[in-house]
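Heads up, work-v9.pdb below (PDB, C-alpha atoms):
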ATOM      1  CA  MET F  10     -22.610  17.960  19.436
ATOM      2  CA  THR F  11     -18.941  18.579  18.659
ATOM      3  CA  ASP F  12     -17.677  19.336  22.176
ATOM      4  CA  ASP F  13     -16.373  15.808  22.666
ATOM      5  CA  VAL F  14     -15.369  15.085  19.058
ATOM      6  CA  LEU F  15     -11.688  14.801  18.170
ATOM      7  CA  PHE F  16     -10.670  17.004  15.240
ATOM      8  CA  LEU F  17      -7.160  16.049  14.158
ATOM      9  CA  SER F  18      -5.016  17.822  11.598
ATOM     10  CA  GLY F  19      -2.520  16.099   9.371
ATOM     11  CA  ASP F  20       0.384  17.105  11.598
ATOM     12  CA  GLN F  21      -1.421  15.777  14.665
ATOM     13  CA  VAL F  22      -2.167  12.463  12.950
ATOM     14  CA  THR F  23       1.460  12.116  11.880
ATOM     15  CA  GLY F  24       2.609  12.811  15.429
ATOM     16  CA  LEU F  25       0.206  10.276  16.914
ATOM     17  CA  LEU F  26       0.659   7.445  14.406
ATOM     18  CA  GLY F  27       4.291   6.428  14.199
ATOM     19  CA  LEU F  28       5.514   3.765  11.798
ATOM     20  CA  ASP F  29       5.658   1.005  14.389
ATOM     21  CA  ALA F  30       2.085   1.737  15.508
ATOM     22  CA  ALA F  31       0.963   1.889  11.898
ATOM     23  CA  ILE F  32       2.565  -1.485  11.162
ATOM     24  CA  ALA F  33       0.917  -3.002  14.248
ATOM     25  CA  SER F  34      -2.456  -1.628  13.119
ATOM     26  CA  GLN F  35      -2.073  -3.248   9.711
ATOM     27  CA  ARG F  36      -1.128  -6.603  11.180
ATOM     28  CA  ALA F  37      -4.336  -6.395  13.192
ATOM     29  CA  ALA F  38      -6.358  -5.379  10.130
ATOM     30  CA  PHE F  39      -5.215  -8.247   7.925
ATOM     31  CA  ALA F  40      -5.320 -10.802  10.731
ATOM     32  CA  ALA F  41      -8.976  -9.852  11.316
ATOM     33  CA  LEU F  42      -9.657 -10.054   7.600
ATOM     34  CA  GLY F  43      -7.980 -13.463   7.403
ATOM     35  CA  ALA F  44     -10.079 -14.720  10.304
ATOM     36  CA  ASP F  45     -13.260 -13.355   8.698
ATOM     37  CA  ALA F  46     -13.755 -11.234  11.811
ATOM     38  CA  ALA F  47     -14.206  -7.764  10.270
ATOM     39  CA  ASP F  48     -16.851  -5.841   8.323
ATOM     40  CA  LEU F  49     -15.612  -4.962   4.842
ATOM     41  CA  PRO F  50     -18.262  -3.669   2.404
ATOM     42  CA  GLY F  51     -17.204  -3.079  -1.177
ATOM     43  CA  LYS F  52     -15.409   0.176  -1.842
ATOM     44  CA  ILE F  53     -16.218   2.847  -4.410
ATOM     45  CA  MET F  54     -13.601   3.964  -6.951
ATOM     46  CA  HIS F  55     -15.033   6.418  -9.460
ATOM     47  CA  PRO F  56     -12.896   7.978 -12.243
ATOM     48  CA  SER F  57     -13.977  11.562 -12.877
ATOM     49  CA  ARG F  58     -15.453  12.579 -16.205
ATOM     50  CA  PHE F  59     -13.819  16.007 -15.824
ATOM     51  CA  ASP F  60     -10.120  15.150 -15.428
ATOM     52  CA  ASP F  61      -7.789  12.282 -14.491
ATOM     53  CA  SER F  62      -8.767  12.253 -10.810
ATOM     54  CA  VAL F  63     -10.462   9.350  -9.059
ATOM     55  CA  VAL F  64     -12.843   9.786  -6.132
ATOM     56  CA  PHE F  65     -13.016   6.950  -3.603
ATOM     57  CA  ALA F  66     -15.102   6.010  -0.582
ATOM     58  CA  TYR F  67     -14.442   3.238   1.951
ATOM     59  CA  VAL F  68     -16.540   2.095   4.907
ATOM     60  CA  SER F  69     -15.482  -0.666   7.314
ATOM     61  CA  ARG F  70     -15.383  -1.854  10.914
ATOM     62  CA  LEU F  71     -12.475  -3.676  12.492
ATOM     63  CA  SER F  72     -14.038  -5.126  15.645
ATOM     64  CA  ALA F  73     -16.904  -5.021  18.139
ATOM     65  CA  ASP F  74     -15.111  -2.513  20.357
ATOM     66  CA  THR F  75     -14.147  -0.150  17.543
ATOM     67  CA  GLY F  76     -16.875   1.576  15.590
ATOM     68  CA  ALA F  77     -17.415   2.098  11.895
ATOM     69  CA  VAL F  78     -14.881   4.188   9.974
ATOM     70  CA  ALA F  79     -15.544   5.973   6.694
ATOM     71  CA  LYS F  80     -13.039   7.608   4.362
ATOM     72  CA  ILE F  81     -13.734   9.736   1.322
ATOM     73  CA  GLY F  82     -11.009  11.201  -0.831
ATOM     74  CA  SER F  83      -9.527  11.840  -4.223
ATOM     75  CA  VAL F  84      -6.506  10.655  -6.193
ATOM     76  CA  ASN F  85      -5.065  13.509  -8.269
ATOM     77  CA  PRO F  86      -2.052  12.337 -10.313
ATOM     78  CA  GLY F  87      -1.177  15.893 -11.372
ATOM     79  CA  ASN F  88      -0.263  16.786  -7.809
ATOM     80  CA  ALA F  89       3.061  15.012  -8.154
ATOM     81  CA  ALA F  90       4.367  17.725 -10.469
ATOM     82  CA  SER F  91       3.705  20.290  -7.730
ATOM     83  CA  GLY F  92       5.321  18.236  -5.000
ATOM     84  CA  LEU F  93       1.961  17.474  -3.356
ATOM     85  CA  PRO F  94       0.647  14.072  -2.251
ATOM     86  CA  THR F  95      -1.487  12.527  -4.971
ATOM     87  CA  VAL F  96      -4.032  11.286  -2.410
ATOM     88  CA  HIS F  97      -6.089  13.514  -0.118
ATOM     89  CA  ALA F  98      -8.880  12.305   2.129
ATOM     90  CA  VAL F  99     -10.922  12.834   5.284
ATOM     91  CA  ILE F 100     -11.774  10.108   7.803
ATOM     92  CA  THR F 101     -14.611   9.884  10.314
ATOM     93  CA  ALA F 102     -14.866   7.367  13.158
ATOM     94  CA  LEU F 103     -18.093   6.486  14.959
ATOM     95  CA  ASP F 104     -18.724   5.158  18.450
ATOM     96  CA  PRO F 105     -19.078   1.336  18.460
ATOM     97  CA  VAL F 106     -22.151   1.390  20.726
ATOM     98  CA  THR F 107     -24.099   4.548  19.909
ATOM     99  CA  GLY F 108     -22.811   5.408  16.446
ATOM    100  CA  ARG F 109     -22.104   8.971  17.569
ATOM    101  CA  LEU F 110     -19.265  10.833  15.903
ATOM    102  CA  VAL F 111     -15.988  10.197  17.756
ATOM    103  CA  ALA F 112     -13.338  11.699  15.490
ATOM    104  CA  VAL F 113     -12.721  13.541  12.250
ATOM    105  CA  MET F 114      -9.172  13.470  10.967
ATOM    106  CA  ASP F 115      -7.077  14.326   7.957
ATOM    107  CA  GLY F 116      -7.020  11.080   5.999
ATOM    108  CA  THR F 117      -3.975  11.916   3.887
ATOM    109  CA  PRO F 118      -1.285  10.896   6.414
ATOM    110  CA  VAL F 119      -3.426   7.945   7.487
ATOM    111  CA  THR F 120      -3.536   6.727   3.876
ATOM    112  CA  THR F 121       0.199   7.217   3.391
ATOM    113  CA  LEU F 122       1.181   5.494   6.626
ATOM    114  CA  ARG F 123      -1.248   2.596   6.509
ATOM    115  CA  THR F 124      -0.392   1.830   2.853
ATOM    116  CA  ALA F 125       3.333   1.734   3.516
ATOM    117  CA  ALA F 126       2.823  -0.122   6.791
ATOM    118  CA  ALA F 127       0.709  -2.793   5.079
ATOM    119  CA  SER F 128       3.436  -3.281   2.477
ATOM    120  CA  ALA F 129       5.926  -3.723   5.321
ATOM    121  CA  VAL F 130       3.646  -6.345   6.858
ATOM    122  CA  ALA F 131       3.439  -8.095   3.484
ATOM    123  CA  ILE F 132       7.212  -7.987   2.986
ATOM    124  CA  ASP F 133       7.781  -9.333   6.492
ATOM    125  CA  ALA F 134       5.413 -12.229   5.786
ATOM    126  CA  LEU F 135       6.397 -12.943   2.184
ATOM    127  CA  SER F 136      10.073 -12.134   1.635
ATOM    128  CA  THR F 137      13.092 -14.173   2.630
ATOM    129  CA  PRO F 138      14.660 -13.132   5.962
ATOM    130  CA  ASP F 139      17.909 -12.057   4.271
ATOM    131  CA  SER F 140      16.237  -9.744   1.737
ATOM    132  CA  ALA F 141      18.263  -6.548   2.008
ATOM    133  CA  ASP F 142      18.415  -4.762  -1.365
ATOM    134  CA  LEU F 143      15.414  -2.569  -2.166
ATOM    135  CA  ALA F 144      14.424  -1.275  -5.592
ATOM    136  CA  LEU F 145      12.098   1.700  -5.190
ATOM    137  CA  LEU F 146      10.010   2.763  -8.176
ATOM    138  CA  GLY F 147       8.665   6.239  -7.504
ATOM    139  CA  SER F 148      10.015   9.231  -5.608
ATOM    140  CA  GLY F 149       6.915  10.791  -4.064
ATOM    141  CA  THR F 150       5.384  10.722  -0.604
ATOM    142  CA  GLN F 151       4.291   7.099  -0.817
ATOM    143  CA  ALA F 152       7.626   5.867  -2.140
ATOM    144  CA  LEU F 153       9.543   7.535   0.690
ATOM    145  CA  ALA F 154       7.105   6.130   3.243
ATOM    146  CA  HIS F 155       7.582   2.659   1.789
ATOM    147  CA  ALA F 156      11.364   2.735   2.094
ATOM    148  CA  ARG F 157      11.100   3.842   5.728
ATOM    149  CA  ALA F 158       8.481   1.198   6.536
ATOM    150  CA  VAL F 159      10.370  -1.645   4.843
ATOM    151  CA  ALA F 160      13.440  -0.693   6.866
ATOM    152  CA  ARG F 161      11.440  -1.398  10.038
ATOM    153  CA  VAL F 162      10.914  -5.075   9.128
ATOM    154  CA  ARG F 163      14.078  -5.902   7.160
ATOM    155  CA  GLU F 164      17.700  -4.891   7.606
ATOM    156  CA  VAL F 165      17.847  -2.997   4.332
ATOM    157  CA  LYS F 166      21.439  -2.416   3.233
ATOM    158  CA  SER F 167      20.920  -0.548  -0.024
ATOM    159  CA  VAL F 168      18.200   1.231  -1.999
ATOM    160  CA  ARG F 169      18.106   2.048  -5.700
ATOM    161  CA  VAL F 170      15.549   4.718  -6.608
ATOM    162  CA  TRP F 171      14.055   5.350 -10.012
ATOM    163  CA  SER F 172      11.330   7.719 -11.145
ATOM    164  CA  PRO F 173      10.858   9.467 -14.500
ATOM    165  CA  THR F 174      12.184  12.866 -13.385
ATOM    166  CA  PRO F 175      15.932  12.907 -12.600
ATOM    167  CA  ARG F 176      15.653  15.784 -10.113
ATOM    168  CA  ASN F 177      12.906  14.050  -8.141
ATOM    169  CA  ARG F 178      14.709  10.723  -7.863
ATOM    170  CA  ALA F 179      17.954  12.421  -6.881
ATOM    171  CA  ARG F 180      16.174  14.376  -4.150
ATOM    172  CA  ALA F 181      14.411  11.228  -2.902
ATOM    173  CA  ALA F 182      17.709   9.338  -2.746
ATOM    174  CA  GLU F 183      19.305  12.147  -0.755
ATOM    175  CA  ARG F 184      16.435  12.257   1.740
ATOM    176  CA  LEU F 185      16.362   8.503   2.250
ATOM    177  CA  ALA F 186      20.120   8.278   2.698
ATOM    178  CA  ALA F 187      19.839  10.855   5.483
ATOM    179  CA  ASP F 188      16.794   9.170   7.041
ATOM    180  CA  LEU F 189      17.986   5.563   6.889
ATOM    181  CA  GLY F 190      21.731   5.983   7.154
ATOM    182  CA  ILE F 191      22.411   3.505   4.354
ATOM    183  CA  ALA F 192      23.529   3.591   0.724
ATOM    184  CA  VAL F 193      20.778   5.055  -1.462
ATOM    185  CA  ARG F 194      21.403   5.673  -5.138
ATOM    186  CA  ALA F 195      19.279   7.274  -7.843
ATOM    187  CA  VAL F 196      19.487   5.320 -11.105
ATOM    188  CA  GLY F 197      18.630   6.153 -14.688
ATOM    189  CA  THR F 198      16.232   3.325 -15.545
ATOM    190  CA  ALA F 199      13.684   1.116 -13.839
ATOM    191  CA  GLU F 200      15.573  -1.934 -15.093
ATOM    192  CA  GLU F 201      18.745  -0.772 -13.358
ATOM    193  CA  ALA F 202      16.814  -0.353 -10.123
ATOM    194  CA  VAL F 203      15.096  -3.744 -10.240
ATOM    195  CA  THR F 204      17.862  -5.987 -11.580
ATOM    196  CA  GLY F 205      19.409  -7.976  -8.747
ATOM    197  CA  ALA F 206      17.104  -6.561  -6.053
ATOM    198  CA  SER F 207      15.582  -8.923  -3.512
ATOM    199  CA  LEU F 208      12.776  -6.440  -2.718
ATOM    200  CA  VAL F 209      10.881  -4.278  -5.198
ATOM    201  CA  ALA F 210       8.363  -1.622  -4.189
ATOM    202  CA  ALA F 211       6.391   0.038  -6.986
ATOM    203  CA  CYS F 212       4.753   3.247  -5.768
ATOM    204  CA  THR F 213       3.656   4.984  -8.953
ATOM    205  CA  LEU F 214       0.415   5.819 -10.722
ATOM    206  CA  SER F 215       1.630   4.374 -14.001
ATOM    207  CA  ALA F 216      -0.813   3.034 -16.563
ATOM    208  CA  THR F 217       2.019   1.077 -18.219
ATOM    209  CA  PRO F 218       4.416  -1.382 -16.529
ATOM    210  CA  VAL F 219       7.463  -0.023 -14.720
ATOM    211  CA  VAL F 220       8.441  -3.499 -13.456
ATOM    212  CA  ARG F 221       9.024  -6.356 -15.904
ATOM    213  CA  GLY F 222       9.166 -10.001 -14.928
ATOM    214  CA  GLU F 223      12.292 -10.706 -16.945
ATOM    215  CA  TRP F 224      14.249  -8.381 -14.637
ATOM    216  CA  LEU F 225      13.375 -10.168 -11.394
ATOM    217  CA  ALA F 226      16.069 -12.078  -9.524
ATOM    218  CA  PRO F 227      15.228 -15.494  -8.031
ATOM    219  CA  GLY F 228      13.599 -15.075  -4.643
ATOM    220  CA  CYS F 229      12.450 -11.529  -5.331
ATOM    221  CA  THR F 230       9.379 -10.124  -3.571
ATOM    222  CA  VAL F 231       7.502  -7.446  -5.516
ATOM    223  CA  VAL F 232       5.046  -5.057  -3.868
ATOM    224  CA  SER F 233       2.806  -2.859  -5.991
ATOM    225  CA  VAL F 234       0.470  -0.200  -4.580
ATOM    226  CA  GLY F 235      -0.248   1.945  -7.652
ATOM    227  CA  SER F 236      -2.364  -0.529  -9.643
ATOM    228  CA  PHE F 237      -5.519   0.344  -7.710
ATOM    229  CA  GLU F 238      -7.906   0.516 -10.671
ATOM    230  CA  PRO F 239      -8.276  -1.620 -13.826
ATOM    231  CA  GLY F 240      -6.468   0.855 -16.090
ATOM    232  CA  ARG F 241      -3.288   1.050 -14.019
ATOM    233  CA  HIS F 242      -0.531  -1.521 -14.548
ATOM    234  CA  GLU F 243       2.710  -1.067 -12.608
ATOM    235  CA  VAL F 244       3.880  -4.595 -13.454
ATOM    236  CA  ASP F 245       3.719  -6.600 -16.663
ATOM    237  CA  ALA F 246       2.119  -9.994 -17.292
ATOM    238  CA  GLU F 247       5.447 -11.781 -16.840
ATOM    239  CA  VAL F 248       5.617 -10.709 -13.191
ATOM    240  CA  LEU F 249       2.303 -12.435 -12.486
ATOM    241  CA  ARG F 250       3.237 -15.443 -14.596
ATOM    242  CA  ARG F 251       6.514 -16.004 -12.733
ATOM    243  CA  ALA F 252       4.829 -15.481  -9.359
ATOM    244  CA  ALA F 253       1.959 -17.860 -10.143
ATOM    245  CA  ARG F 254       4.360 -20.505 -11.433
ATOM    246  CA  SER F 255       6.972 -20.505  -8.663
ATOM    247  CA  GLY F 256       5.568 -18.597  -5.711
ATOM    248  CA  ALA F 257       2.284 -16.791  -5.322
ATOM    249  CA  VAL F 258       0.114 -13.866  -6.394
ATOM    250  CA  VAL F 259      -0.870 -12.320  -3.063
ATOM    251  CA  VAL F 260      -3.442  -9.538  -2.773
ATOM    252  CA  ASP F 261      -4.938  -7.509   0.050
ATOM    253  CA  ASP F 262      -8.357  -9.055  -0.637
ATOM    254  CA  PRO F 263      -9.137 -11.437  -3.540
ATOM    255  CA  ALA F 264     -12.634 -10.111  -4.282
ATOM    256  CA  THR F 265     -11.475  -6.494  -4.238
ATOM    257  CA  ALA F 266      -8.371  -7.204  -6.305
ATOM    258  CA  ALA F 267     -10.380  -9.109  -8.911
ATOM    259  CA  ALA F 268     -12.481  -5.989  -9.471
ATOM    260  CA  HIS F 269      -9.876  -3.242  -9.149
ATOM    261  CA  ALA F 270      -6.222  -4.322  -9.486
ATOM    262  CA  GLY F 271      -5.183  -3.660 -13.088
ATOM    263  CA  PRO F 272      -2.677  -6.515 -13.628
ATOM    264  CA  VAL F 273      -4.925  -8.981 -11.789
ATOM    265  CA  VAL F 274      -8.071  -7.925 -13.650
ATOM    266  CA  GLU F 275      -6.251  -8.350 -16.976
ATOM    267  CA  ALA F 276      -4.771 -11.753 -16.066
ATOM    268  CA  LEU F 277      -8.180 -13.057 -14.950
ATOM    269  CA  ARG F 278      -9.882 -11.747 -18.077
ATOM    270  CA  GLU F 279      -7.311 -13.347 -20.374
ATOM    271  CA  GLY F 280      -7.331 -16.662 -18.498
ATOM    272  CA  ARG F 281      -3.693 -16.438 -17.416
ATOM    273  CA  LEU F 282      -4.799 -16.515 -13.792
ATOM    274  CA  ALA F 283      -7.753 -18.112 -12.005
ATOM    275  CA  TYR F 284      -9.556 -16.512  -9.091
ATOM    276  CA  GLU F 285      -8.485 -19.465  -6.949
ATOM    277  CA  ASP F 286      -4.845 -18.506  -7.619
ATOM    278  CA  LEU F 287      -5.232 -15.287  -5.616
ATOM    279  CA  VAL F 288      -3.978 -15.515  -2.036
ATOM    280  CA  GLY F 289      -5.221 -13.001   0.523
ATOM    281  CA  LEU F 290      -2.588 -11.468   2.782
ATOM    282  CA  GLY F 291      -4.855 -12.243   5.731
ATOM    283  CA  ALA F 292      -4.714 -15.948   4.847
ATOM    284  CA  VAL F 293      -0.925 -15.761   4.999
ATOM    285  CA  LEU F 294      -0.892 -14.000   8.370
ATOM    286  CA  THR F 295      -3.326 -16.494   9.889
ATOM    287  CA  GLY F 296      -1.331 -19.473   8.582
ATOM    288  CA  ARG F 297      -3.967 -20.708   6.129
ATOM    289  CA  SER F 298      -1.638 -20.172   3.177
ATOM    290  CA  LEU F 299       2.117 -20.549   2.742
ATOM    291  CA  PRO F 300       2.954 -18.716  -0.485
ATOM    292  CA  ARG F 301       6.691 -19.326  -0.487
ATOM    293  CA  SER F 302       7.869 -22.938  -0.772
ATOM    294  CA  GLY F 303      11.544 -22.088  -1.239
ATOM    295  CA  PRO F 304      14.019 -19.176  -1.252
ATOM    296  CA  GLY F 305      14.010 -18.957  -5.050
ATOM    297  CA  ASP F 306      10.278 -18.347  -5.435
ATOM    298  CA  ILE F 307       9.000 -15.096  -6.917
ATOM    299  CA  VAL F 308       6.205 -13.561  -4.828
ATOM    300  CA  TYR F 309       4.039 -10.673  -6.010
ATOM    301  CA  TYR F 310       1.840  -8.605  -3.696
ATOM    302  CA  ASN F 311      -0.742  -6.210  -5.148
ATOM    303  CA  SER F 312      -2.515  -3.775  -2.854
ATOM    304  CA  VAL F 313      -5.406  -1.614  -3.985
ATOM    305  CA  GLY F 314      -6.218  -0.423  -0.472
ATOM    306  CA  LEU F 315      -9.013  -1.542   1.832
ATOM    307  CA  GLY F 316     -11.287   0.234   4.253
ATOM    308  CA  ILE F 317     -10.264  -2.146   7.013
ATOM    309  CA  GLN F 318      -6.765  -0.659   6.827
ATOM    310  CA  ASP F 319      -8.178   2.804   7.487
ATOM    311  CA  ALA F 320     -10.366   1.492  10.298
ATOM    312  CA  ALA F 321      -7.406  -0.074  12.086
ATOM    313  CA  ALA F 322      -5.168   2.938  11.591
ATOM    314  CA  ALA F 323      -7.852   5.473  12.514
ATOM    315  CA  TRP F 324      -8.648   3.765  15.796
ATOM    316  CA  ALA F 325      -4.935   3.549  16.577
ATOM    317  CA  VAL F 326      -4.848   7.332  16.121
ATOM    318  CA  VAL F 327      -7.931   7.813  18.334
ATOM    319  CA  GLU F 328      -6.455   5.687  21.132
ATOM    320  CA  ALA F 329      -3.131   7.519  20.922
ATOM    321  CA  ALA F 330      -4.952  10.850  21.049
ATOM    322  CA  ARG F 331      -6.866   9.784  24.146
ATOM    323  CA  LYS F 332      -3.670   8.668  25.877
ATOM    324  CA  ALA F 333      -2.105  12.013  24.983
ATOM    325  CA  GLY F 334      -5.000  13.819  26.603
ATOM    326  CA  LEU F 335      -6.336  15.353  23.422
TER     327      LEU F 335
END

With the file now loaded, output its structure as structure tokens.
Amino acid sequence: MTDDVLFLSGDQVTGLLGLDAAIASQRAAFAALGADAADLPGKIMHPSRFDDSVVFAYVSRLSADTGAVAKIGSVNPGNAASGLPTVHAVITALDPVTGRLVAVMDGTPVTTLRTAAASAVAIDALSTPDSADLALLGSGTQALAHARAVARVREVKSVRVWSPTPRNRARAAERLAADLGIAVRAVGTAEEAVTGASLVAACTLSATPVVRGEWLAPGCTVVSVGSFEPGRHEVDAEVLRRAARSGAVVVDDPATAAAHAGPVVEALREGRLAYEDLVGLGAVLTGRSLPRSGPGDIVYYNSVGLGIQDAAAAWAVVEAARKAGL
């Protein structure tokens, strides 16, 4: 049964799925979602009763010629202290015609790359063309991936990095400066990182806001990927208020965000935001929504992660593996 099944390690996945391919896969994923041309069942996010971990399960299908993809994994916030990714997962891909198993791959690099790539797609669609100063909240695997991905769609000139541990943010700044060849500086507070930035990427697992609306410069685009369940709030209410008033609150999928994205769930519950105010990234990519009316608008993008992202990225990996003769 397994003679013709691809088994791909994390290193193999990383080698097969470069940033440009990952970004292309996410454009395809959200364009399909915006055109209502993909299968996207609801995802499972289940906080453990035993510790602070969260188990998740996604199932989706991108197109008729790519089969169903399933991902199961766990978010373990304590891993950050050990220098490990906080998300680990495994992905399976099935044949589009027979349903037979096609591939099993390490889902950790897929998750990292597709999340950062989707944020790059969002920034490319939502931010002003001259956005060049990036505030990076977080210093882990996902934060580093975000800085690299954003640099593929914008000519980033400087990065300010903040995370709670001075050693971690200093190390992240050093690595990014070497990778990107630009000025990267570790700063002592989140406010110092965000103030004056045209791009803000929040890549934390914080339950309390690390980005406050009063800090945002006119025209700023804020991306948040850590508010993936109702109890996590990387941004405060003022961020959403400013975005809803002048620009837009953009999400990966309105129905999913309304159930899972902490700041969005809270704003809907308190009546500060209506469901109709949520703009899907797919609607932006397909031209059905124009969230920015002027260069001074504040735009907020919240991603909780969707199975369709994994489906697009996983099949990009499978195709690359086939071309490589694996």

Result set of the PyMOL selection byres ((chain F and resi 64-79) around 9) on the coordinates above, as a ChimeraX atom specification: /F:37-38,41-42,46-57,62-63,80-85,98-108,111,315-321,323-324

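For the residues F:Leu143, F:Val260, F:Ala268, F:Leu110, ranking by smallest atom-to-atom distance to Thr204 (chain F) using only C-alpha atoms places F:Leu143 first.
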
One-decimal distance in Å that lies between CA of Thr213 (chain F) and CA of Ala192 (chain F):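 CA of Ala192 (chain F) sits 22.1 Å away from CA of Thr213 (chain F).
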
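Residue membership of the PyMOL selection byres ((chain F and resi 309) around 7) in the shown file amounts to Thr230, Val231, Val232, Leu249, Ala252, Ala257, Val258, Val259, Ile307, Val308, Tyr310 and Asn311 of chain F.
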
Spatial sel., origin (14.7, 5.0, 6.6), limit 12 Å, all atoms listed in the file, listed as an MDAnalysis selection string: chainID F and resid 28 143 152:168 181:193

Determine, counting only C-alpha atoms, which protein, DNA and RNA residues have an atom within 9 Å of an atom of Val288 (chain F); residues of the same chain fewer than 2 positions away are not included. Present the result as a CSV table (one decimal) with C-alpha atoms, keeping the file's coordinate frame.
chain,number,residue,atom,x,y,z
F,257,ALA,CA,2.3,-16.8,-5.3
F,258,VAL,CA,0.1,-13.9,-6.4
F,259,VAL,CA,-0.9,-12.3,-3.1
F,260,VAL,CA,-3.4,-9.5,-2.8
F,261,ASP,CA,-4.9,-7.5,0.0
F,262,ASP,CA,-8.4,-9.1,-0.6
F,263,PRO,CA,-9.1,-11.4,-3.5
F,285,GLU,CA,-8.5,-19.5,-6.9
F,286,ASP,CA,-4.8,-18.5,-7.6
F,290,LEU,CA,-2.6,-11.5,2.8
F,291,GLY,CA,-4.9,-12.2,5.7
F,292,ALA,CA,-4.7,-15.9,4.8
F,293,VAL,CA,-0.9,-15.8,5.0
F,298,SER,CA,-1.6,-20.2,3.2
F,300,PRO,CA,3.0,-18.7,-0.5

Explicit residue set for the PyMOL selection byres ((chain F and resi 146) around 10), as JSON, numbers by chain: {"F": [143, 144, 145, 147, 148, 149, 152, 169, 170, 171, 172, 173, 178, 198, 199, 202, 203, 209, 210, 211, 212, 213, 219, 220, 233, 243]}

Selection: 9 Å around Ala266 (chain F), all atoms listed in the file, excl. self and same-chain fewer than 6 positions, as a list in words: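 The neighbour list is Phe237, Glu238, Val260, Val273, Val274, Leu287, Asn311, Ser312 and Val313 of chain F.
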
Output as a compact mmCIF listing (two decimals), in the coordinates of the input: region 224-237 of chain F, completed with N, CA and C atoms.
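Written out: selection-v1.txt:
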# COMPACT_ATOMS: atom_id res chain seq x y z
N TRP F 224 13.19 -9.01 -15.42
CA TRP F 224 14.25 -8.38 -14.64
C TRP F 224 14.40 -8.99 -13.25
N LEU F 225 13.42 -9.75 -12.79
CA LEU F 225 13.38 -10.17 -11.39
C LEU F 225 14.39 -11.27 -11.08
N ALA F 226 15.12 -11.07 -9.99
CA ALA F 226 16.07 -12.08 -9.52
C ALA F 226 15.32 -13.19 -8.81
N PRO F 227 15.85 -14.41 -8.80
CA PRO F 227 15.23 -15.49 -8.03
C PRO F 227 15.04 -15.08 -6.58
N GLY F 228 13.88 -15.40 -6.03
CA GLY F 228 13.60 -15.08 -4.64
C GLY F 228 13.05 -13.69 -4.40
N CYS F 229 12.89 -12.92 -5.47
CA CYS F 229 12.45 -11.53 -5.33
C CYS F 229 11.00 -11.44 -4.85
N THR F 230 10.74 -10.45 -4.00
CA THR F 230 9.38 -10.12 -3.57
C THR F 230 9.03 -8.76 -4.12
N VAL F 231 7.94 -8.69 -4.88
CA VAL F 231 7.50 -7.45 -5.52
C VAL F 231 6.23 -6.95 -4.85
N VAL F 232 6.23 -5.70 -4.44
CA VAL F 232 5.05 -5.06 -3.87
C VAL F 232 4.62 -3.93 -4.79
N SER F 233 3.34 -3.90 -5.12
CA SER F 233 2.81 -2.86 -5.99
C SER F 233 1.58 -2.23 -5.34
N VAL F 234 1.60 -0.89 -5.20
CA VAL F 234 0.47 -0.20 -4.58
C VAL F 234 -0.21 0.79 -5.52
N GLY F 235 0.32 0.96 -6.74
CA GLY F 235 -0.25 1.94 -7.65
C GLY F 235 -1.25 1.40 -8.63
N SER F 236 -1.41 0.08 -8.71
CA SER F 236 -2.36 -0.53 -9.64
C SER F 236 -3.71 -0.71 -8.95
N PHE F 237 -4.32 0.40 -8.55
CA PHE F 237 -5.52 0.34 -7.71
C PHE F 237 -6.82 0.44 -8.50
